[in-house]
Amino acid sequence: MILSKTYKPKNIEGKIYKLWEKSGFFKANPRSKKKPFSIIMPPPNANGALHIGHAVFVTLEDIMIRYQRMKGREVLWLPGTDHAGIMTQVVYEKKLAKQGKTRFDLGREEFYKQTYKFSMKNKKKVENQLRRLGASCDWSRSKFTLDPKISEAVFYTFKKMYEDGLIFQGKRIINWCPRCQTALSDLEVDYQERKDSLFYIKYGPLTLATVRPETKFGDTAIAVHPDDKRYKKYINKEIKVKTVLGEVKMKVISDKSIDPKFGTGVVKITPAHDPNDFEISKRHKLEIRQVIGFDGKLNEKAGKYSGMKVLEAREKIVKELGEMGLIEKTDSNYKHNVAVCGRCKTTIEPLISEQWFIKAKKLAAPAIKAVRNKKIEFIPKYFKKNYYHWMENIRDWCISRQIWWGHRIPVWYCQCGEKIVAIEKPKFCPKCKSPKLRQDTDTLDTWFSSGQWPFTVFGWPKKTEDFKYFYPTTILETGWDILFFWVARMIMLGIYSTQKIPFRYVYLHGLVRDKEHQKMSKSKGNVIDPLGVIDLYGADALRMALVFGTSPGRDVIISEDKIVSQRKFTNKIWNASRFVLTNKPSQINADLPAQISKKFVAGKLINADKNLTKADKKILKELDKTVKLVTKNLDDFQFHEAAQNSYHFFWHEFCDYYIEESKKQLQVPDIKHPRSKASLLRGRQTLNILLYVLLTSLKLLHPFMPFITEEIYQKLPLENKRKCLMVEP
């Protein structure tokens, strides 16, 4: 069977993927006696197309899965998509805005229905895009984070944690996004360096520095460090302070958290609007006075400034303070980090709010122990330090969000004051028997449900066949940037819920950057669309370019030039394979005994132990060395090394050297100069070696470049041939 003259990925990739799906080799068998190898896919958000970052994890995970499948393991790569809570809600609200509507026009129930339909449509698109990347997933097990059974498991965990005292409701200072109108966990907050004015304001006999004079209406104390000799005489005394709303009395307190080197060493304490001040207020039992509302505007406590947005109020207050002679000086070049919403980049307002929290410290202890005891290992190892640092300093996790899309908190309230936590809506209040129950309006943080992904996808809390056989999973592969968002939380929730680690290994890849090592962004115009690249160069070229030269944990440097280079490599593979297949046995087989088959035996050399030329010996030696090297690197998760080993051998040893040498050994004599039987046998053996080396090379390259290798394999004249290269040992 001859290959076409040129390699055209568009003509073969769809056809090959259908062959794979039809073969049934993607499906895993939980009743198998083989050793399992399982990966759960980090679920892409069901709110848009895949980006180049998704292509990285698909490539790396598919390499692992294909390699282990060829080794004979019972492999499962379980795909899925994420409802992505606040992100999807923002996306769909923008879609509604174009129609001149808001979610409030639809109401909660209708908005949820429409967002669900939108997500399901995107889910199908995402799954088809994953197919185009070559992902060899078990599609029969595909999951969505809002699937009924998964939702039930998420509510089960919430209820159990509540009963165990790990989930509680309380008033705390939280990160509030005025734009998204929801609380955010610490991990959902980004920090931007900004240049603001630092105002030195007179507070009676003292002067203090602040960037937020608009919060002064919420000041309930002034603080200094207990060892600061400059202010010892003021500690525990009340002083009179002039403000834009009149004179007030304020107590001076001492606290060791105060930095004497910041500003003048005197700070105002505004417990309702600063997390550090909130902690100080608890230690000193200070009044908490909130002056900024959840709409981002000053409230009635700000008097004439009530109803103003923060920046507007700041400007007017500073002007009035200046007129009153209360501003001593201003540093207009003060640089500091400002908290912003990780989604919309709106400045965060620290506000006091009643939310649901998890006591994360209790969950963190066994999760730290699992890594210290090497039950879970990180690749690369140096990420353990980051993990320990975060886990050892973990704070309570705010898990309630003021949004409509996602898992609604499974708590109902009765007019009698009873609070009911249940997996399903109760029919009546257990205390007063009233059927009039009101469900909590908040939604669970997306990371609470995705933190349970490794076991809920297997049907937990039921002990299903899949759960017993595939859990704990073998490896979790993801970007290092969500080590705390996702990985740490999966370890904590996995150990708590199942009393087992959720995975044996954690493989972390880096961020995707352009050839100038710049982060990709639409504003820079350096974004690479993986689907567009596949249309131009094929999936194999993209996959190889993503893994080539990229070690674990390091940033993935990608450019069109790099992809074009790998596209040239696909041409090299194609042309070399055409050469081997064009030299059919019939061309040199006429004088050989009839019992020598016109087809080659897969993976075996006929008469390999004799009549070997110098070139034959060299290529077989190099091939053996490469097989061992690639196998070791794949076993050690050094995929970049394995890819480079395979590339180098095929291009330089096989194509540049042996194929050129084989042309001499395959020269067909004319009638006047008949070839000797030994010469014909050597020619036959050359063909055997060519095919053997090609077949082995295809096996080595298959995890990285599955489409082209499978297409060529299907054309090889082999006896006892497997249905697909993906299951060739």
# chains A, B, ... in the order shown; residues from 1 in each chain; ligands from 1
>>> select_by_dssp(residues="segment 458-659 of chain A", states="strand (DSSP E)", output="tab-separated table (two decimals) with N, CA and C atoms, in the first residue's frame")
chain	number	residue	atom	x	y	z
A	473	THR	N	-6.04	7.93	41.42
A	473	THR	CA	-5.53	7.98	40.06
A	473	THR	C	-4.00	7.98	40.09
A	474	THR	N	-3.41	7.72	38.93
A	474	THR	CA	-1.95	7.59	38.88
A	474	THR	C	-1.25	8.93	38.94
A	475	ILE	N	-1.71	9.85	38.11
A	475	ILE	CA	-1.02	11.14	38.01
A	475	ILE	C	-2.01	12.26	37.72
A	476	LEU	N	-1.71	13.41	38.27
A	476	LEU	CA	-2.49	14.62	37.99
A	476	LEU	C	-1.55	15.56	37.26
A	477	GLU	N	-1.92	15.95	36.05
A	477	GLU	CA	-1.09	16.85	35.26
A	477	GLU	C	-1.83	18.17	35.08
A	478	THR	N	-1.16	19.29	35.40
A	478	THR	CA	-1.80	20.60	35.25
A	478	THR	C	-0.74	21.69	35.29
A	479	GLY	N	-1.16	22.94	35.12
A	479	GLY	CA	-0.24	24.07	35.18
A	479	GLY	C	0.10	24.43	36.61
A	503	PHE	N	-4.16	11.12	44.02
A	503	PHE	CA	-3.26	10.74	42.92
A	503	PHE	C	-1.87	10.50	43.49
A	504	ARG	N	-1.09	9.71	42.76
A	504	ARG	CA	0.26	9.33	43.21
A	504	ARG	C	1.29	10.40	42.85
A	505	TYR	N	1.16	10.97	41.66
A	505	TYR	CA	2.11	11.98	41.19
A	505	TYR	C	1.38	13.25	40.77
A	506	VAL	N	2.09	14.37	40.88
A	506	VAL	CA	1.59	15.65	40.37
A	506	VAL	C	2.64	16.18	39.40
A	507	TYR	N	2.27	16.25	38.11
A	507	TYR	CA	3.18	16.78	37.08
A	507	TYR	C	2.72	18.20	36.76
A	508	LEU	N	3.62	19.17	36.92
A	508	LEU	CA	3.26	20.57	36.69
A	508	LEU	C	4.00	21.15	35.49
A	509	HIS	N	3.23	21.71	34.56
A	509	HIS	CA	3.86	22.39	33.43
A	509	HIS	C	3.81	23.91	33.64
A	512	VAL	N	2.51	29.30	28.95
A	512	VAL	CA	2.86	29.35	27.53
A	512	VAL	C	3.29	30.78	27.19
A	513	ARG	N	4.47	30.89	26.59
A	513	ARG	CA	4.99	32.21	26.21
A	513	ARG	C	5.44	32.20	24.75
A	556	VAL	N	6.50	27.07	28.57
A	556	VAL	CA	6.45	26.48	27.23
A	556	VAL	C	6.63	27.61	26.22
A	557	ILE	N	7.74	27.58	25.50
A	557	ILE	CA	8.01	28.62	24.51
A	557	ILE	C	7.53	28.13	23.15
A	600	PHE	N	6.37	-8.77	5.76
A	600	PHE	CA	7.32	-8.85	6.85
A	600	PHE	C	6.60	-9.21	8.14
A	601	VAL	N	7.32	-9.85	9.04
A	601	VAL	CA	6.77	-10.18	10.35
A	601	VAL	C	7.00	-8.98	11.27
>>> select_by_dssp(residues="segment 464-691 of chain A", states="helix (DSSP H, G or I)", output="ChimeraX atom specification")
/A:465-470,480-498,530-537,539-547,560-582,585-587,614-635,639-665,677-691
>>> atom_distance(atom1="atom CA of Leu718 of chain A", atom2="atom CA of Leu687 of chain A")
12.7 Å
>>> closest_residue(among="A:Ser450, A:Gln114, A:Asn122, A:Thr570", to="Ile40 of chain A", atoms="only C-alpha atoms")
A:Ser450
>>> residues_around(residues="segment 61-74 of chain A", least_positions_apart="6", cutoff="8 Å", atoms="only C-alpha atoms", output="ChimeraX atom specification")
/A:28-29,32,34-37,39,134-136,477,634,639,702-704,726-729
>>> decode(residues="segment 418-562 of chain A", atoms="C-alpha atoms", output="compact mmCIF listing (two decimals), in the first residue's frame")
# COMPACT_ATOMS: atom_id res chain seq x y z
CA GLU A 418 -34.02 26.59 62.12
CA LYS A 419 -31.15 26.04 59.66
CA ILE A 420 -31.29 22.78 57.68
CA VAL A 421 -28.29 21.39 55.76
CA ALA A 422 -29.41 18.66 53.36
CA ILE A 423 -28.48 17.01 50.05
CA GLU A 424 -32.04 17.46 48.74
CA LYS A 425 -34.65 20.07 49.59
CA PRO A 426 -36.44 19.07 52.82
CA LYS A 427 -40.24 18.79 52.64
CA PHE A 428 -40.70 20.50 55.99
CA CYS A 429 -38.81 21.96 58.92
CA PRO A 430 -37.74 19.20 61.36
CA LYS A 431 -38.31 21.58 64.28
CA CYS A 432 -41.69 23.25 63.62
CA LYS A 433 -42.87 21.08 60.66
CA SER A 434 -43.48 24.15 58.48
CA PRO A 435 -43.20 23.48 54.71
CA LYS A 436 -42.20 27.11 54.08
CA LEU A 437 -38.45 26.87 53.66
CA ARG A 438 -36.10 29.33 51.95
CA GLN A 439 -32.86 28.14 50.34
CA ASP A 440 -29.63 30.06 50.81
CA THR A 441 -29.20 32.36 47.80
CA ASP A 442 -25.42 31.94 47.55
CA THR A 443 -23.53 29.53 45.31
CA LEU A 444 -20.51 27.37 46.12
CA ASP A 445 -17.06 28.40 44.96
CA THR A 446 -16.24 26.52 41.74
CA TRP A 447 -13.02 25.23 43.30
CA PHE A 448 -15.02 23.46 46.02
CA SER A 449 -16.64 21.19 43.42
CA SER A 450 -13.57 20.86 41.18
CA GLY A 451 -11.53 20.04 44.29
CA GLN A 452 -13.59 16.84 44.49
CA TRP A 453 -13.18 16.01 40.78
CA PRO A 454 -10.76 13.04 41.21
CA PHE A 455 -13.30 10.95 43.11
CA THR A 456 -16.75 12.32 42.20
CA VAL A 457 -16.15 11.38 38.54
CA PHE A 458 -15.97 7.72 39.65
CA GLY A 459 -19.37 7.75 41.32
CA TRP A 460 -18.25 8.49 44.90
CA PRO A 461 -19.64 8.31 47.61
CA LYS A 462 -20.75 4.97 46.16
CA LYS A 463 -17.95 2.41 45.92
CA THR A 464 -18.40 1.77 42.20
CA GLU A 465 -16.26 -0.56 40.07
CA ASP A 466 -14.52 2.47 38.57
CA PHE A 467 -13.80 3.96 42.00
CA LYS A 468 -12.35 0.70 43.34
CA TYR A 469 -10.17 0.08 40.28
CA PHE A 470 -9.04 3.52 39.09
CA TYR A 471 -8.90 5.53 42.35
CA PRO A 472 -6.50 6.84 43.54
CA THR A 473 -5.53 7.98 40.06
CA THR A 474 -1.95 7.59 38.88
CA ILE A 475 -1.02 11.14 38.01
CA LEU A 476 -2.49 14.62 37.99
CA GLU A 477 -1.09 16.85 35.26
CA THR A 478 -1.80 20.60 35.25
CA GLY A 479 -0.24 24.07 35.18
CA TRP A 480 1.77 25.20 38.20
CA ASP A 481 -0.29 28.40 38.31
CA ILE A 482 -3.23 26.47 39.80
CA LEU A 483 -1.16 24.52 42.34
CA PHE A 484 -3.05 26.23 45.18
CA PHE A 485 -6.36 26.87 43.43
CA TRP A 486 -6.83 23.24 42.50
CA VAL A 487 -4.07 20.75 43.31
CA ALA A 488 -3.76 21.54 47.02
CA ARG A 489 -7.53 21.55 47.43
CA MET A 490 -7.89 18.21 45.66
CA ILE A 491 -5.35 16.71 48.04
CA MET A 492 -7.13 18.17 51.09
CA LEU A 493 -10.64 17.19 50.01
CA GLY A 494 -9.52 13.83 48.60
CA ILE A 495 -7.90 12.69 51.84
CA TYR A 496 -10.81 14.02 53.90
CA SER A 497 -13.53 12.40 51.78
CA THR A 498 -11.96 9.08 50.76
CA GLN A 499 -9.19 8.62 53.37
CA LYS A 500 -6.89 8.08 50.39
CA ILE A 501 -4.62 10.33 48.37
CA PRO A 502 -6.33 11.41 45.12
CA PHE A 503 -3.26 10.74 42.92
CA ARG A 504 0.26 9.33 43.21
CA TYR A 505 2.11 11.98 41.19
CA VAL A 506 1.59 15.65 40.37
CA TYR A 507 3.18 16.78 37.08
CA LEU A 508 3.26 20.57 36.69
CA HIS A 509 3.86 22.39 33.43
CA GLY A 510 4.65 26.09 33.00
CA LEU A 511 2.96 29.02 31.32
CA VAL A 512 2.86 29.35 27.53
CA ARG A 513 4.99 32.21 26.21
CA ASP A 514 6.02 33.48 22.78
CA LYS A 515 9.52 33.27 21.31
CA GLU A 516 10.44 36.52 23.10
CA HIS A 517 9.37 34.81 26.36
CA GLN A 518 6.44 37.22 26.67
CA LYS A 519 3.15 36.06 28.15
CA MET A 520 0.53 35.61 25.46
CA SER A 521 -2.32 38.14 25.42
CA LYS A 522 -4.77 39.55 22.90
CA SER A 523 -3.52 43.08 23.55
CA LYS A 524 0.03 42.06 22.55
CA GLY A 525 -1.25 40.28 19.45
CA ASN A 526 0.95 37.25 20.16
CA VAL A 527 -1.80 34.71 20.87
CA ILE A 528 -1.59 31.43 18.96
CA ASP A 529 -4.92 29.74 18.26
CA PRO A 530 -4.35 25.96 18.48
CA LEU A 531 -7.24 25.12 16.15
CA GLY A 532 -6.03 27.62 13.56
CA VAL A 533 -2.55 26.10 13.77
CA ILE A 534 -3.97 22.60 13.30
CA ASP A 535 -5.79 23.77 10.16
CA LEU A 536 -2.51 25.07 8.74
CA TYR A 537 0.08 22.55 9.92
CA GLY A 538 -1.71 19.60 11.51
CA ALA A 539 -2.08 18.45 15.12
CA ASP A 540 1.16 16.44 15.17
CA ALA A 541 3.32 19.48 14.33
CA LEU A 542 1.66 21.51 17.09
CA ARG A 543 1.98 18.72 19.67
CA MET A 544 5.64 18.11 18.92
CA ALA A 545 6.39 21.86 19.00
CA LEU A 546 4.74 22.20 22.42
CA VAL A 547 6.73 19.39 24.03
CA PHE A 548 10.04 19.95 22.20
CA GLY A 549 12.56 21.68 24.48
CA THR A 550 10.09 22.06 27.37
CA SER A 551 11.14 20.45 30.65
CA PRO A 552 8.69 19.86 33.54
CA GLY A 553 7.65 23.04 35.36
CA ARG A 554 9.34 25.36 32.87
CA ASP A 555 7.51 27.80 30.62
CA VAL A 556 6.45 26.48 27.23
CA ILE A 557 8.01 28.62 24.51
CA ILE A 558 6.01 28.42 21.30
CA SER A 559 6.10 30.25 17.97
CA GLU A 560 4.88 29.66 14.46
CA ASP A 561 8.50 29.06 13.40
CA LYS A 562 8.76 26.21 15.90
